[in-house]
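coords18.cif (mmCIF, C-alpha atoms)
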```cif
data_coords
#
loop_
_atom_site.label_atom_id
_atom_site.label_comp_id
_atom_site.auth_asym_id
_atom_site.auth_seq_id
_atom_site.Cartn_x
_atom_site.Cartn_y
_atom_site.Cartn_z
CA MET W 181 80.70 146.41 27.50
CA ASN W 182 77.45 144.73 26.42
CA GLU W 183 78.21 145.60 22.85
CA LEU W 184 81.65 144.04 23.14
CA ILE W 185 80.15 140.93 24.74
CA SER W 186 77.76 140.48 21.79
CA GLU W 187 80.59 141.07 19.37
CA LEU W 188 82.79 138.46 21.07
CA LYS W 189 80.00 135.88 21.06
CA LEU W 190 79.54 136.35 17.33
CA LEU W 191 83.29 136.21 16.79
CA ILE W 192 83.50 132.90 18.68
CA ILE W 193 80.59 131.42 16.74
CA ASP W 194 82.11 132.56 13.48
CA VAL W 195 85.78 131.62 13.86
CA LEU W 196 85.13 128.36 15.70
CA ASN W 197 82.38 127.24 13.31
CA LEU W 198 79.72 126.94 15.99
CA GLU W 199 76.97 127.49 13.44
CA ASP W 200 74.44 125.45 15.45
CA ILE W 201 74.89 127.59 18.55
CA THR W 202 73.13 130.91 19.09
CA PRO W 203 74.68 133.87 20.95
CA GLU W 204 72.02 133.48 23.67
CA GLU W 205 73.25 129.97 24.37
CA ILE W 206 76.70 131.24 25.32
CA LYS W 207 76.35 132.33 28.95
CA ILE W 208 78.76 135.09 29.86
CA GLU W 209 79.93 133.52 33.12
CA GLU W 210 80.00 129.93 31.88
CA PRO W 211 83.47 128.44 31.20
CA LEU W 212 84.45 128.56 27.53
CA PHE W 213 86.84 125.62 27.74
CA GLY W 214 86.32 122.07 28.95
CA GLU W 215 83.07 122.24 30.86
CA GLY W 216 80.49 124.76 29.72
CA LEU W 217 80.79 125.58 26.04
CA GLY W 218 83.31 122.77 25.61
CA LEU W 219 86.03 124.44 23.56
CA ASP W 220 89.46 122.79 23.33
CA SER W 221 93.11 123.80 22.94
CA ILE W 222 92.91 124.24 19.15
CA ASP W 223 89.98 126.61 19.74
CA ALA W 224 92.14 128.59 22.16
CA LEU W 225 94.76 129.08 19.44
CA GLU W 226 92.13 129.96 16.85
CA LEU W 227 90.44 132.42 19.18
CA GLY W 228 93.77 134.00 20.14
CA LEU W 229 94.54 134.53 16.46
CA ALA W 230 91.11 136.06 15.83
CA LEU W 231 91.56 138.49 18.74
CA GLN W 232 94.98 139.50 17.44
CA LYS W 233 93.54 140.14 13.99
CA LYS W 234 90.43 141.97 15.06
CA TYR W 235 91.59 143.98 18.10
CA LYS W 236 95.38 143.98 17.62
CA ILE W 237 95.88 142.42 21.01
CA SER W 238 99.02 140.45 21.65
CA ILE W 239 98.42 137.41 23.78
CA ASP W 240 101.12 135.75 25.85
CA ALA W 241 100.52 132.01 25.50
CA GLU W 242 102.91 131.29 28.39
CA SER W 243 101.26 133.63 30.89
CA GLU W 244 99.07 132.14 33.59
CA LEU W 245 96.94 135.27 33.32
CA THR W 246 95.91 134.28 29.81
CA LYS W 247 93.94 131.39 31.28
CA VAL W 248 92.10 133.85 33.49
CA HIS W 249 91.33 136.15 30.54
CA PHE W 250 89.98 133.23 28.50
CA ALA W 251 87.92 131.73 31.33
CA ASN W 252 84.56 133.02 30.14
CA ILE W 253 83.01 135.70 27.94
CA LYS W 254 82.83 138.22 30.78
CA ALA W 255 86.55 137.92 31.55
CA LEU W 256 87.40 137.98 27.86
CA ALA W 257 85.37 141.14 27.27
CA LYS W 258 87.17 142.88 30.13
CA PHE W 259 90.54 141.77 28.79
CA VAL W 260 89.75 142.91 25.25
CA GLY W 261 88.24 146.18 26.48
CA ASP W 262 91.38 146.96 28.52
CA ASN W 263 93.91 145.97 25.88
CA ARG W 264 92.47 146.65 22.48
CA SER W 265 94.31 149.05 20.23
CA LYS W 266 91.73 148.95 17.47
CA MET N 35 115.54 84.33 -5.90
CA GLY N 36 113.76 87.62 -5.42
CA PHE N 37 110.06 88.24 -5.51
CA ASN N 38 108.65 87.91 -8.98
CA PRO N 39 105.40 89.82 -9.35
CA LEU N 40 104.62 88.04 -12.59
CA LYS N 41 104.19 84.81 -10.67
CA LEU N 42 101.59 86.35 -8.40
CA VAL N 43 98.71 85.79 -10.73
CA GLN N 44 95.87 86.42 -8.33
CA SER N 45 95.08 87.34 -4.77
CA LYS N 46 93.24 85.18 -2.31
CA PRO N 47 89.52 85.73 -2.63
CA PHE N 48 87.99 88.19 -0.18
CA PHE N 49 84.54 89.55 0.46
CA ILE N 50 83.07 92.98 0.03
CA SER N 51 80.51 92.60 2.81
CA THR N 52 78.89 95.88 2.01
CA TRP N 53 79.60 99.21 0.45
CA ARG N 54 78.34 102.75 0.58
CA ALA N 55 79.05 105.75 -1.60
CA TRP N 56 78.23 109.43 -1.45
CA SER N 57 78.24 112.21 -4.02
CA PRO N 58 76.10 115.35 -3.83
CA GLY N 59 72.51 114.14 -4.22
CA LEU N 60 73.39 110.42 -4.18
CA SER N 61 73.42 109.05 -0.63
CA GLU N 62 72.18 105.47 -0.74
CA GLN N 63 72.74 102.47 -2.97
CA SER N 64 69.22 102.95 -4.35
CA ASP N 65 70.15 106.52 -5.42
CA TRP N 66 73.24 105.21 -7.18
CA ALA N 67 71.16 102.55 -8.93
CA LEU N 68 68.89 105.28 -10.30
CA TRP N 69 71.93 107.33 -11.27
CA LYS N 70 73.32 104.38 -13.22
CA GLN N 71 70.03 104.12 -15.11
CA GLY N 72 70.18 107.83 -15.85
CA ALA N 73 67.09 108.47 -13.73
CA LEU N 74 68.80 110.52 -11.02
CA ASP N 75 71.46 113.20 -11.28
CA PHE N 76 73.82 114.93 -8.90
CA VAL N 77 72.47 117.82 -6.87
CA ALA N 78 74.87 120.72 -6.51
CA ASP N 79 75.51 121.78 -2.91
CA ALA N 80 73.75 118.77 -1.35
CA GLN N 81 75.16 117.93 2.09
CA PRO N 82 75.45 114.53 3.74
CA ASP N 83 73.34 114.01 6.87
CA ILE N 84 75.78 113.67 9.75
CA SER N 85 73.33 114.49 12.52
CA PHE N 86 74.50 111.30 14.25
CA LEU N 87 77.52 113.31 15.41
CA PRO N 88 77.42 115.74 18.34
CA VAL N 89 77.45 119.40 17.25
CA MET N 90 80.90 120.03 18.67
CA GLN N 91 82.34 117.16 16.61
CA ARG N 92 80.72 118.28 13.40
CA ARG N 93 82.01 121.81 13.27
CA ARG N 94 85.55 121.23 12.00
CA LEU N 95 84.64 118.77 9.28
CA SER N 96 85.18 119.84 5.69
CA PRO N 97 82.55 118.84 3.12
CA LEU N 98 84.86 115.96 2.14
CA ALA N 99 85.29 114.78 5.74
CA LYS N 100 81.51 114.97 6.25
CA ALA N 101 80.91 112.74 3.23
CA VAL N 102 83.55 110.28 4.46
CA LEU N 103 82.00 110.07 7.93
CA PHE N 104 78.54 109.70 6.43
CA SER N 105 79.67 106.81 4.22
CA ALA N 106 81.55 105.05 7.00
CA GLN N 107 78.87 105.46 9.66
CA PRO N 108 76.76 102.27 9.24
CA ILE N 109 79.92 100.17 9.01
CA LEU N 110 81.84 101.73 11.91
CA ALA N 111 78.87 102.26 14.22
CA THR N 112 79.20 98.69 15.48
CA ARG N 113 82.82 97.77 14.73
CA ASP N 114 86.31 98.81 15.70
CA ILE N 115 88.19 97.70 12.57
CA PRO N 116 91.30 98.98 10.74
CA LEU N 117 90.77 101.95 8.44
CA LEU N 118 92.46 102.35 5.11
CA CYS N 119 91.94 105.85 3.76
CA CYS N 120 92.99 106.31 0.15
CA SER N 121 92.85 109.63 -1.70
CA VAL N 122 94.82 111.18 -4.51
CA HIS N 123 94.44 114.79 -3.42
CA GLY N 124 92.96 114.61 0.08
CA GLU N 125 91.76 117.93 1.45
CA ALA N 126 93.43 119.96 -1.24
CA ARG N 127 91.01 122.85 -0.79
CA ARG N 128 92.07 123.34 2.81
CA THR N 129 95.73 123.17 1.87
CA TYR N 130 95.20 125.63 -0.95
CA SER N 131 93.52 128.16 1.31
CA LEU N 132 96.47 127.88 3.71
CA LEU N 133 98.90 128.41 0.85
CA LYS N 134 97.00 131.52 -0.17
CA ASP N 135 97.35 132.82 3.40
CA VAL N 136 101.08 132.07 3.34
CA ALA N 137 101.42 133.95 0.05
CA ALA N 138 99.49 136.92 1.44
CA LYS N 139 101.56 136.78 4.66
CA ASN N 140 98.43 136.26 6.73
CA PRO N 141 98.63 134.29 9.95
CA LEU N 142 97.53 130.68 9.45
CA SER N 143 94.47 129.20 11.05
CA PRO N 144 95.67 126.60 13.59
CA THR N 145 92.57 124.49 12.91
CA ALA N 146 93.07 124.48 9.13
CA PHE N 147 96.78 123.81 9.59
CA GLY N 148 96.14 120.85 11.89
CA LEU N 149 93.58 119.37 9.53
CA SER N 150 95.47 119.89 6.27
CA VAL N 151 97.61 116.74 6.63
CA HIS N 152 96.76 113.69 4.55
CA ASN N 153 95.78 111.59 7.57
CA ALA N 154 93.47 114.20 9.10
CA ILE N 155 90.33 112.43 7.86
CA ALA N 156 91.61 109.10 9.24
CA GLY N 157 92.06 110.87 12.58
CA GLN N 158 88.60 112.41 12.46
CA LEU N 159 87.07 108.99 11.69
CA SER N 160 88.91 107.48 14.61
CA ILE N 161 87.71 110.23 16.98
CA ALA N 162 84.11 110.18 15.75
CA PHE N 163 83.67 106.40 15.98
CA GLY N 164 86.13 105.61 18.78
CA ILE N 165 88.34 103.50 16.50
CA ARG N 166 91.45 102.16 18.23
CA SER N 167 92.44 99.79 15.42
CA THR N 168 95.17 100.64 12.94
CA THR N 169 94.42 103.55 10.65
CA LEU N 170 96.37 104.24 7.52
CA ALA N 171 96.22 107.13 5.06
CA LEU N 172 97.45 106.38 1.56
CA ALA N 173 98.28 108.77 -1.26
CA GLY N 174 96.40 107.27 -4.18
CA GLY N 175 98.85 108.19 -6.92
CA ASP N 176 98.09 107.41 -10.56
CA TYR N 177 95.99 104.34 -9.76
CA PRO N 178 94.23 104.93 -6.46
CA LEU N 179 91.94 101.89 -6.71
CA LEU N 180 95.01 99.71 -7.16
CA THR N 181 96.91 101.45 -4.34
CA GLY N 182 94.04 100.99 -1.90
CA LEU N 183 93.09 97.45 -2.86
CA LEU N 184 96.68 96.12 -2.92
CA GLU N 185 97.24 97.52 0.55
CA ALA N 186 93.94 96.03 1.70
CA ILE N 187 94.83 92.61 0.27
CA GLY N 188 98.16 92.80 2.05
CA MET N 189 96.43 93.49 5.36
CA LEU N 190 93.80 90.77 4.86
CA THR N 191 96.56 88.31 3.96
CA GLU N 192 98.54 89.34 7.04
CA SER N 193 95.69 88.19 9.29
CA VAL N 194 93.54 91.32 9.54
CA PRO N 195 90.08 89.68 9.28
CA GLU N 196 88.18 92.79 8.19
CA LEU N 197 88.79 96.44 7.41
CA LEU N 198 87.17 99.52 5.96
CA LEU N 199 88.66 100.79 2.71
CA LEU N 200 87.72 104.34 1.73
CA PHE N 201 88.32 106.26 -1.47
CA TYR N 202 87.54 109.97 -1.46
CA GLU N 203 88.10 113.04 -3.60
CA GLU N 204 86.73 116.54 -3.74
CA PRO N 205 86.73 119.16 -6.51
CA LEU N 206 90.19 120.70 -6.77
CA PRO N 207 90.86 124.43 -6.62
CA GLU N 208 90.90 125.77 -10.14
CA ALA N 209 94.59 126.64 -10.02
CA TYR N 210 95.44 122.92 -9.79
CA LEU N 211 93.58 121.98 -12.92
CA LEU N 212 96.44 123.15 -15.11
CA SER N 213 98.41 120.07 -14.10
CA THR N 214 95.81 117.49 -13.22
CA GLN N 215 92.35 116.34 -14.09
CA ASN N 216 90.14 115.78 -11.14
CA SER N 217 86.63 114.77 -10.41
CA GLN N 218 84.60 117.95 -10.24
CA LYS N 219 82.17 116.05 -8.03
CA LEU N 220 82.91 115.24 -4.45
CA CYS N 221 82.81 111.45 -4.25
CA VAL N 222 83.38 108.90 -1.48
CA THR N 223 83.28 105.10 -1.67
CA ALA N 224 83.43 102.94 1.46
CA LEU N 225 84.08 99.19 1.16
CA HIS N 226 83.80 96.81 4.08
CA LEU N 227 86.29 94.06 3.21
CA CYS N 228 86.47 90.71 5.01
CA THR N 229 88.43 87.49 4.64
CA LYS N 230 85.32 85.47 5.51
CA LYS N 231 81.79 85.81 4.34
CA VAL N 232 79.90 87.69 7.03
CA GLU N 233 76.35 88.85 6.65
CA PRO N 234 76.23 92.58 7.25
CA ASN N 235 74.34 93.44 10.43
CA THR N 236 73.11 96.63 8.85
CA SER N 237 69.92 95.84 7.04
CA THR N 238 70.12 99.10 5.14
CA LEU N 239 73.23 98.01 3.27
CA PRO N 240 72.62 94.61 1.74
CA ASN N 241 74.77 92.59 -0.63
CA VAL N 242 77.91 90.54 -0.14
CA HIS N 243 80.30 90.27 -3.05
CA LYS N 244 83.06 87.74 -3.49
CA ALA N 245 86.09 89.43 -5.01
CA LYS N 246 89.71 88.93 -5.95
CA LEU N 247 92.51 90.81 -7.68
CA LEU N 248 93.95 89.36 -10.86
CA TYR N 249 97.20 90.26 -12.47
CA SER N 250 97.76 90.24 -16.23
CA THR N 251 94.85 92.07 -17.77
CA THR N 252 95.62 94.18 -20.78
CA GLN N 253 92.92 96.68 -19.77
CA SER N 254 94.24 99.70 -18.00
CA PRO N 255 92.47 102.81 -16.79
CA ALA N 256 93.97 106.21 -17.41
CA SER N 257 95.93 107.73 -14.55
CA ALA N 258 93.79 109.49 -11.95
CA PHE N 259 95.64 112.67 -12.92
CA GLU N 260 94.34 112.36 -16.45
CA ARG N 261 90.71 111.54 -15.79
CA GLY N 262 88.23 112.35 -13.09
CA ASN N 263 85.88 110.16 -11.11
CA TYR N 264 87.92 106.98 -10.91
CA GLN N 265 85.40 105.67 -8.36
CA PHE N 266 82.48 105.56 -10.78
CA PRO N 267 83.56 102.38 -12.66
CA LEU N 268 83.89 100.61 -9.29
CA ILE N 269 80.48 101.81 -8.12
CA LYS N 270 78.88 100.62 -11.36
CA VAL N 271 80.27 97.10 -10.97
CA LEU N 272 79.22 97.01 -7.30
CA LEU N 273 75.70 97.94 -8.40
CA ASP N 274 75.70 95.22 -11.07
CA GLY N 275 76.95 92.73 -8.49
CA VAL N 276 79.19 91.17 -11.12
CA GLY N 277 81.98 92.41 -13.32
CA ARG N 278 85.58 93.52 -13.57
CA VAL N 279 87.25 96.82 -12.77
CA PRO N 280 90.64 97.53 -14.35
CA LEU N 281 92.84 98.98 -11.59
CA GLY N 282 96.03 99.90 -13.43
CA GLN N 283 99.45 98.31 -13.97
CA GLN N 284 97.75 95.19 -15.33
CA TRP N 285 95.75 94.49 -12.20
CA GLU N 286 92.02 93.95 -12.29
CA LEU N 287 89.35 93.58 -9.61
CA PHE N 288 86.94 90.70 -10.21
CA ILE N 289 83.59 90.84 -8.47
CA ASN N 290 81.53 87.62 -8.49
CA ASP N 291 83.19 86.82 -11.79
#
```
Please render this file's structure as structure tokens.
Amino acid sequence: MNELISELKLLIIDVLNLEDITPEEIKIEEPLFGEGLGLDSIDALELGLALQKKYKISIDAESELTKVHFANIKALAKFVGDNRSK
Amino acid sequence: MGFNPLKLVQSKPFFISTWRAWSPGLSEQSDWALWKQGALDFVADAQPDISFLPVMQRRRLSPLAKAVLFSAQPILATRDIPLLCCSVHGEARRTYSLLKDVAAKNPLSPTAFGLSVHNAIAGQLSIAFGIRSTTLALAGGDYPLLTGLLEAIGMLTESVPELLLLFYEEPLPEAYLLSTQNSQKLCVTALHLCTKKVEPNTSTLPNVHKAKLLYSTTQSPASAFERGNYQFPLIKVLLDGVGRVPLGQQWELFIND
């Protein structure tokens, strides 16, 4: 799980061009969107695409659960861990 | 009787309150002055300093957008004025990378897709500086200086008292060079245009030039598709503080002349 968390932090920094942010600065229970890291809706799309590419996860944009999965790094790591097919 | 362009010999005079230009290695008017003398050259891979922007606003900017924001910053930091963004090719590199993804049947990056439109830089300027005035993105065509300045004159004549006119180009992907010439240097020029003479409140950017457009010159520049760096002749005359810049289709810009 810790390995996946580190991997996801690096993925977020890379695909969302957060070059001035270090992995340590992304707290695993801090919100990714709005407050906290401050990502926006375009980031959500970009991140969804990156997860599809890297882990072959299909994400349902309409599902309310998706919001829960994308809440913070901890939730995202659990979601990816449970659903990855790669 | 219809409109006869031949009768429109010259525009009303206007003022270039200040200007700023950026190319890799040349950030300030003093750098450009040295460049004109041959004492300073471009520096490959130089980046404009846009540390005035919060980190989260910087991250999506292309090198071209960064140079545009850098050039506009001293002018827009204290003013909410209309923006006129004029570019022949815009962010062609971003578009090209999307096209390559389409060809390879890769999914497209939503960020790159959203920012590949011609008015994306106008939008990014408006977000970064909180501009609520009109913003307009023009395709420069064969004679981008003419396209931008004619539009600007129209706005100034229609009671817009001041505006920011921007010209910007970046090196094109190699595949495009079969059908067009393009500046192989990223280059941005920002002109603060006013109907009245106003002293710039930015001490770093001095000089006020009186200017007008004149119709009927026989001088004509080559099309922007046939030569690169159409901004350089304009920058040189701005540095001299006096002179004429042929714009195309028989129009000419007179500066303090």
- Query: Could you spell out the hits of the PyMOL selection byres ((chain N) within 10 of (chain W)) on the shown file, as a list in words?
  - Reply: Val89, Met90, Arg92, Arg93, Arg94, Leu95, Asn140, Pro141, Leu142, Ser143, Pro144, Thr145, Ala146 and Gly148 of chain N
Just the selected residues (C-alpha atoms), exported as a PDB file, keeping the file's coordinate frame, please.
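Result file again-v1.pdb:
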```pdb
ATOM      1  CA  VAL N  89      77.450 119.400  17.250  1.00  0.00           C
ATOM      2  CA  MET N  90      80.900 120.030  18.670  1.00  0.00           C
ATOM      3  CA  ARG N  92      80.720 118.280  13.400  1.00  0.00           C
ATOM      4  CA  ARG N  93      82.010 121.810  13.270  1.00  0.00           C
ATOM      5  CA  ARG N  94      85.550 121.230  12.000  1.00  0.00           C
ATOM      6  CA  LEU N  95      84.640 118.770   9.280  1.00  0.00           C
ATOM      7  CA  ASN N 140      98.430 136.260   6.730  1.00  0.00           C
ATOM      8  CA  PRO N 141      98.630 134.290   9.950  1.00  0.00           C
ATOM      9  CA  LEU N 142      97.530 130.680   9.450  1.00  0.00           C
ATOM     10  CA  SER N 143      94.470 129.200  11.050  1.00  0.00           C
ATOM     11  CA  PRO N 144      95.670 126.600  13.590  1.00  0.00           C
ATOM     12  CA  THR N 145      92.570 124.490  12.910  1.00  0.00           C
ATOM     13  CA  ALA N 146      93.070 124.480   9.130  1.00  0.00           C
ATOM     14  CA  GLY N 148      96.140 120.850  11.890  1.00  0.00           C
TER      15      GLY N 148
END
```
- Contacts of Val260 in chain W at 9 Å or less, counting all atoms listed in the file, minus same-chain residues fewer than 3 places along, as number ranges by chain? W: 184, 231, 235, 237, 249, 255-257, 263-264
Can you turn the PyMOL selection byres ((chain N and resi 66-83) around 8) into a concrete residue list for this file, as a PDB file with C-alpha atoms, in the coordinates of the input?
```
ATOM      1  CA  TRP N  56      78.230 109.430  -1.450  1.00  0.00           C
ATOM      2  CA  SER N  57      78.240 112.210  -4.020  1.00  0.00           C
ATOM      3  CA  PRO N  58      76.100 115.350  -3.830  1.00  0.00           C
ATOM      4  CA  GLY N  59      72.510 114.140  -4.220  1.00  0.00           C
ATOM      5  CA  LEU N  60      73.390 110.420  -4.180  1.00  0.00           C
ATOM      6  CA  SER N  61      73.420 109.050  -0.630  1.00  0.00           C
ATOM      7  CA  GLU N  62      72.180 105.470  -0.740  1.00  0.00           C
ATOM      8  CA  GLN N  63      72.740 102.470  -2.970  1.00  0.00           C
ATOM      9  CA  SER N  64      69.220 102.950  -4.350  1.00  0.00           C
ATOM     10  CA  ASP N  65      70.150 106.520  -5.420  1.00  0.00           C
ATOM     11  CA  ILE N  84      75.780 113.670   9.750  1.00  0.00           C
ATOM     12  CA  SER N  85      73.330 114.490  12.520  1.00  0.00           C
ATOM     13  CA  PHE N  86      74.500 111.300  14.250  1.00  0.00           C
ATOM     14  CA  PRO N  97      82.550 118.840   3.120  1.00  0.00           C
ATOM     15  CA  LYS N 100      81.510 114.970   6.250  1.00  0.00           C
ATOM     16  CA  ALA N 101      80.910 112.740   3.230  1.00  0.00           C
ATOM     17  CA  PHE N 104      78.540 109.700   6.430  1.00  0.00           C
ATOM     18  CA  LYS N 270      78.880 100.620 -11.360  1.00  0.00           C
ATOM     19  CA  LEU N 273      75.700  97.940  -8.400  1.00  0.00           C
TER      20      LEU N 273
END
```
- Please, what distance in Å, to one decimal, runs between CA of Glu204 in chain N and CA of Leu227 in chain N?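 Result for CA of Glu204 in chain N versus CA of Leu227 in chain N: 23.5 Å, one decimal.
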- Task: Work out how far apart CA of Glu196 in chain N and CA of His243 in chain N are and give it in Å to one decimal.
- Result: 14.0 Å
- Message: Which residues are close to Asn290 in chain N, i.e. within 8 Å by only C-alpha atoms, leaving aside same-chain residues fewer than 2 positions away? Reply as number ranges by chain.
- Response: N: 243-245, 275-277, 288
- Between CA of Leu200 in chain N and CA of Ile115 in chain N, measure the distance and give it in Å to one decimal. 12.7 Å
- Item | the PyMOL selection byres ((chain N and resi 247-249) around 7) resolved against shown file, as a list of chain:residue names |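 Evaluating the PyMOL selection byres ((chain N and resi 247-249) around 7) on this file yields N:Val43, N:Gln44, N:Ser45, N:Lys246, N:Ser250, N:Thr251, N:Gln284, N:Trp285, N:Glu286, N:Leu287, N:Phe288.
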- Item | Residue nearest Gly228 in chain W - candidates W:Leu245, W:Glu215, W:Ile192, W:Ile206, atoms counted: all atoms listed in the file |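 When distances to Gly228 in chain W are compared using all atoms listed in the file, the smallest one comes from W:Ile192.
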- Test item: residues at most 9 Å from Val102 in chain N, all atoms listed in the file, excluding those fewer than 6 positions along its chain, as a PyMOL selection string: chain N and resi 55-56+155+159+200-202+221-224
- Item | Given all atoms listed in the file as the counted atoms, nearest of N:Thr252, N:Thr52, N:Ser150, N:Ser131 to Leu110 in chain N |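 Distance minimum relative to Leu110 in chain N lands on N:Thr52.
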- Could you tell me which of W:Lys258, W:Lys266, W:Leu212, W:Ile239 comes closest to Glu183 in chain W if we count all atoms listed in the file? W:Lys258
- Item | Residue neighbourhood Ala154 in chain N, 10 Å, only C-alpha atoms, exclusion window fewer than 2 positions, as a ChimeraX atom specification | /N:95,99,124-125,148-152,156-160,171
- Using all atoms listed in the file, which residue out of W:Ser186, W:Phe213, W:Lys207, W:Ser265 lies closest to Phe250 in chain W? W:Phe213
- Task: Pick out the closest residue to Leu197 in chain N from this set: N:Cys228, N:Ile50, N:Ala137, N:Val279. Count all atoms listed in the file.
- Result: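 Once distances to Leu197 in chain N are computed over all atoms listed in the file, the minimum belongs to N:Cys228.
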Please, can range 242-256 of chain W be completed to N, CA, C and O atoms and returned as an mmCIF file, in the coordinates of the input?
```
data_model
loop_
_atom_site.group_PDB
_atom_site.id
_atom_site.type_symbol
_atom_site.label_atom_id
_atom_site.label_comp_id
_atom_site.auth_asym_id
_atom_site.auth_seq_id
_atom_site.Cartn_x
_atom_site.Cartn_y
_atom_site.Cartn_z
ATOM 1 N N GLU W 242 102.248 131.884 27.230
ATOM 2 C CA GLU W 242 102.910 131.290 28.390
ATOM 3 C C GLU W 242 102.336 131.823 29.704
ATOM 4 O O GLU W 242 102.506 131.218 30.761
ATOM 5 N N SER W 243 101.686 132.980 29.650
ATOM 6 C CA SER W 243 101.260 133.630 30.890
ATOM 7 C C SER W 243 100.083 132.915 31.533
ATOM 8 O O SER W 243 99.117 132.535 30.867
ATOM 9 N N GLU W 244 100.172 132.752 32.835
ATOM 10 C CA GLU W 244 99.070 132.140 33.590
ATOM 11 C C GLU W 244 97.824 133.030 33.519
ATOM 12 O O GLU W 244 96.700 132.543 33.587
ATOM 13 N N LEU W 245 98.071 134.333 33.375
ATOM 14 C CA LEU W 245 96.940 135.270 33.320
ATOM 15 C C LEU W 245 96.056 135.035 32.102
ATOM 16 O O LEU W 245 94.850 135.298 32.138
ATOM 17 N N THR W 246 96.671 134.529 31.028
ATOM 18 C CA THR W 246 95.910 134.280 29.810
ATOM 19 C C THR W 246 94.738 133.340 30.081
ATOM 20 O O THR W 246 93.632 133.530 29.584
ATOM 21 N N LYS W 247 95.004 132.327 30.912
ATOM 22 C CA LYS W 247 93.940 131.390 31.280
ATOM 23 C C LYS W 247 92.781 132.121 31.948
ATOM 24 O O LYS W 247 91.613 131.811 31.697
ATOM 25 N N VAL W 248 93.137 133.086 32.789
ATOM 26 C CA VAL W 248 92.100 133.850 33.490
ATOM 27 C C VAL W 248 91.293 134.681 32.481
ATOM 28 O O VAL W 248 90.067 134.716 32.530
ATOM 29 N N HIS W 249 92.005 135.316 31.548
ATOM 30 C CA HIS W 249 91.330 136.150 30.540
ATOM 31 C C HIS W 249 90.391 135.328 29.657
ATOM 32 O O HIS W 249 89.380 135.821 29.189
ATOM 33 N N PHE W 250 90.769 134.070 29.402
ATOM 34 C CA PHE W 250 89.980 133.230 28.500
ATOM 35 C C PHE W 250 88.953 132.365 29.237
ATOM 36 O O PHE W 250 88.331 131.502 28.639
ATOM 37 N N ALA W 251 88.787 132.608 30.532
ATOM 38 C CA ALA W 251 87.920 131.730 31.330
ATOM 39 C C ALA W 251 86.482 131.732 30.829
ATOM 40 O O ALA W 251 85.865 130.698 30.655
ATOM 41 N N ASN W 252 85.944 132.915 30.632
ATOM 42 C CA ASN W 252 84.560 133.020 30.140
ATOM 43 C C ASN W 252 84.413 134.322 29.355
ATOM 44 O O ASN W 252 85.358 135.127 29.279
ATOM 45 N N ILE W 253 83.234 134.529 28.795
ATOM 46 C CA ILE W 253 83.010 135.700 27.940
ATOM 47 C C ILE W 253 83.188 137.008 28.726
ATOM 48 O O ILE W 253 83.761 137.970 28.222
ATOM 49 N N LYS W 254 82.735 137.012 29.961
ATOM 50 C CA LYS W 254 82.830 138.220 30.780
ATOM 51 C C LYS W 254 84.295 138.633 30.971
ATOM 52 O O LYS W 254 84.667 139.793 30.761
ATOM 53 N N ALA W 255 85.126 137.649 31.332
ATOM 54 C CA ALA W 255 86.550 137.920 31.550
ATOM 55 C C ALA W 255 87.217 138.335 30.238
ATOM 56 O O ALA W 255 88.050 139.249 30.200
ATOM 57 N N LEU W 256 86.808 137.689 29.167
ATOM 58 C CA LEU W 256 87.400 137.980 27.860
ATOM 59 C C LEU W 256 87.054 139.405 27.412
ATOM 60 O O LEU W 256 87.905 140.130 26.889
#
```
